[in-house]
Amino acid sequence: MPNRTLFLAALLVAACGHPGERGRAACGLAALAGPTALLTQFSVPRQTLGAPPRTLPERLVTRVVAGPALPSIVGRTDSALVIGVDGSVPPTIKPGYGVLVLDTGERARGVMLYEGTPVEGAPQIGTVTVGSATLPLIGIQVDPARIEDPHCPFFPDSVLP
């Protein structure tokens, strides 16, 4: 019986992997669950942006859902934002729209790129240019703790030059 217990314990430890692997797995799950949770926040009253924020930094991080984070340049027209993504998305991903994410203090966190069509009823506040595609940009103000694992940030500052 002790050998069987020892064998099961060794099997469980092996299944867990190394601590770094568990972290990567957790971040992988967060990379899928967080963007989905972000979209559900559009149903919460007074979180959807009706107009572009007055102030934004010159550069933001743009994250492709379950994909890479890329630096972006922020610009403005008279009444809309223009975000230019500096880099390319994987060829298997076809972005359809972007979501500007602000925290509850109105600080810009970044832009999340999604495939498909924008959230119904969300006003367009600008555009996102990715390669030769120009996509609609919508926006939301949300508590980051509702959508993001603090150990796996969507919009890492390390991406910006």
# chains A, B, ... in the order shown; residues from 1 in each chain; ligands from 1
>>> select_by_dssp(residues="chain A", states="strand (DSSP E)", output="JSON, numbers by chain")
{"A": [59, 60, 61, 62, 63, 64, 69, 70, 71, 72, 73, 74, 75, 76, 81, 82, 83, 84, 85, 95, 96, 97, 98, 99, 100, 101, 102, 108, 109, 110, 111, 112, 113, 114, 115, 126, 127, 128, 129, 130, 133, 134, 135, 136, 137, 138, 139, 140, 141]}
>>> residues_around(residues="A:Ala122", least_positions_apart="6", cutoff="8 Å", atoms="only C-alpha atoms", output="list in words")
Phe42, Thr48, Leu49, Gly50, Ile138 and Gly139 of chain A
>>> residues_around(residues="A:Gln47", least_positions_apart="2", cutoff="9 Å", atoms="only C-alpha atoms", output="NGL selection string")
:A and (41-45 or 49 or 139-142)
>>> write_last_selection(atoms="N, CA, C and O atoms", output="mmCIF file, in the first residue's frame")
data_model
loop_
_atom_site.group_PDB
_atom_site.id
_atom_site.type_symbol
_atom_site.label_atom_id
_atom_site.label_comp_id
_atom_site.auth_asym_id
_atom_site.auth_seq_id
_atom_site.Cartn_x
_atom_site.Cartn_y
_atom_site.Cartn_z
ATOM 1 N N GLN A 41 -18.944 43.049 -20.033
ATOM 2 C CA GLN A 41 -19.049 44.305 -19.299
ATOM 3 C C GLN A 41 -19.801 45.386 -20.085
ATOM 4 O O GLN A 41 -20.235 46.376 -19.507
ATOM 5 N N PHE A 42 -19.972 45.202 -21.385
ATOM 6 C CA PHE A 42 -20.739 46.172 -22.169
ATOM 7 C C PHE A 42 -22.212 46.183 -21.763
ATOM 8 O O PHE A 42 -22.918 47.139 -22.044
ATOM 9 N N SER A 43 -22.677 45.139 -21.092
ATOM 10 C CA SER A 43 -24.072 45.108 -20.640
ATOM 11 C C SER A 43 -24.267 45.833 -19.309
ATOM 12 O O SER A 43 -25.394 46.034 -18.873
ATOM 13 N N VAL A 44 -23.180 46.250 -18.663
ATOM 14 C CA VAL A 44 -23.265 46.975 -17.389
ATOM 15 C C VAL A 44 -23.499 48.461 -17.701
ATOM 16 O O VAL A 44 -22.724 49.062 -18.454
ATOM 17 N N PRO A 45 -24.549 49.055 -17.140
ATOM 18 C CA PRO A 45 -24.839 50.464 -17.423
ATOM 19 C C PRO A 45 -23.678 51.401 -17.087
ATOM 20 O O PRO A 45 -22.943 51.177 -16.134
ATOM 21 N N LEU A 49 -18.279 53.576 -23.476
ATOM 22 C CA LEU A 49 -17.931 54.959 -23.811
ATOM 23 C C LEU A 49 -18.798 55.446 -24.968
ATOM 24 O O LEU A 49 -18.926 54.759 -25.984
ATOM 25 N N GLY A 139 -15.383 51.591 -27.064
ATOM 26 C CA GLY A 139 -14.644 51.744 -25.824
ATOM 27 C C GLY A 139 -15.455 51.402 -24.594
ATOM 28 O O GLY A 139 -16.690 51.400 -24.615
ATOM 29 N N ILE A 140 -14.720 51.103 -23.520
ATOM 30 C CA ILE A 140 -15.351 50.736 -22.255
ATOM 31 C C ILE A 140 -14.477 51.206 -21.100
ATOM 32 O O ILE A 140 -13.249 51.257 -21.219
ATOM 33 N N GLN A 141 -15.129 51.548 -20.009
ATOM 34 C CA GLN A 141 -14.427 51.888 -18.764
ATOM 35 C C GLN A 141 -14.798 50.818 -17.751
ATOM 36 O O GLN A 141 -15.979 50.614 -17.462
ATOM 37 N N VAL A 142 -13.794 50.107 -17.228
ATOM 38 C CA VAL A 142 -14.053 48.938 -16.389
ATOM 39 C C VAL A 142 -12.968 48.783 -15.332
ATOM 40 O O VAL A 142 -11.835 49.213 -15.537
#
>>> closest_residue(among="A:Asp143, A:Asp157, A:Asp103, A:Asp86", to="A:Val128", atoms="only C-alpha atoms")
A:Asp86
>>> select_by_dssp(residues="stretch 32-137 of chain A", states="helix (DSSP H, G or I)", output="list in words")
Leu32, Ala33, Gly34, Pro35, Thr36, Ala37, Leu38, Leu39, Thr40, Gln41, Phe42 and Ser43 of chain A
>>> closest_residue(among="A:Gly105, A:Pro68, A:Pro57, A:Gly34", to="A:Pro156", atoms="only C-alpha atoms")
A:Pro68
>>> atom_distance(atom1="atom CA of A:Gly116", atom2="atom CA of A:Ala25")
25.8 Å
>>> closest_residue(among="A:Glu115, A:Glu58, A:Glu106, A:Asp78", to="A:Leu135", atoms="only C-alpha atoms")
A:Glu115
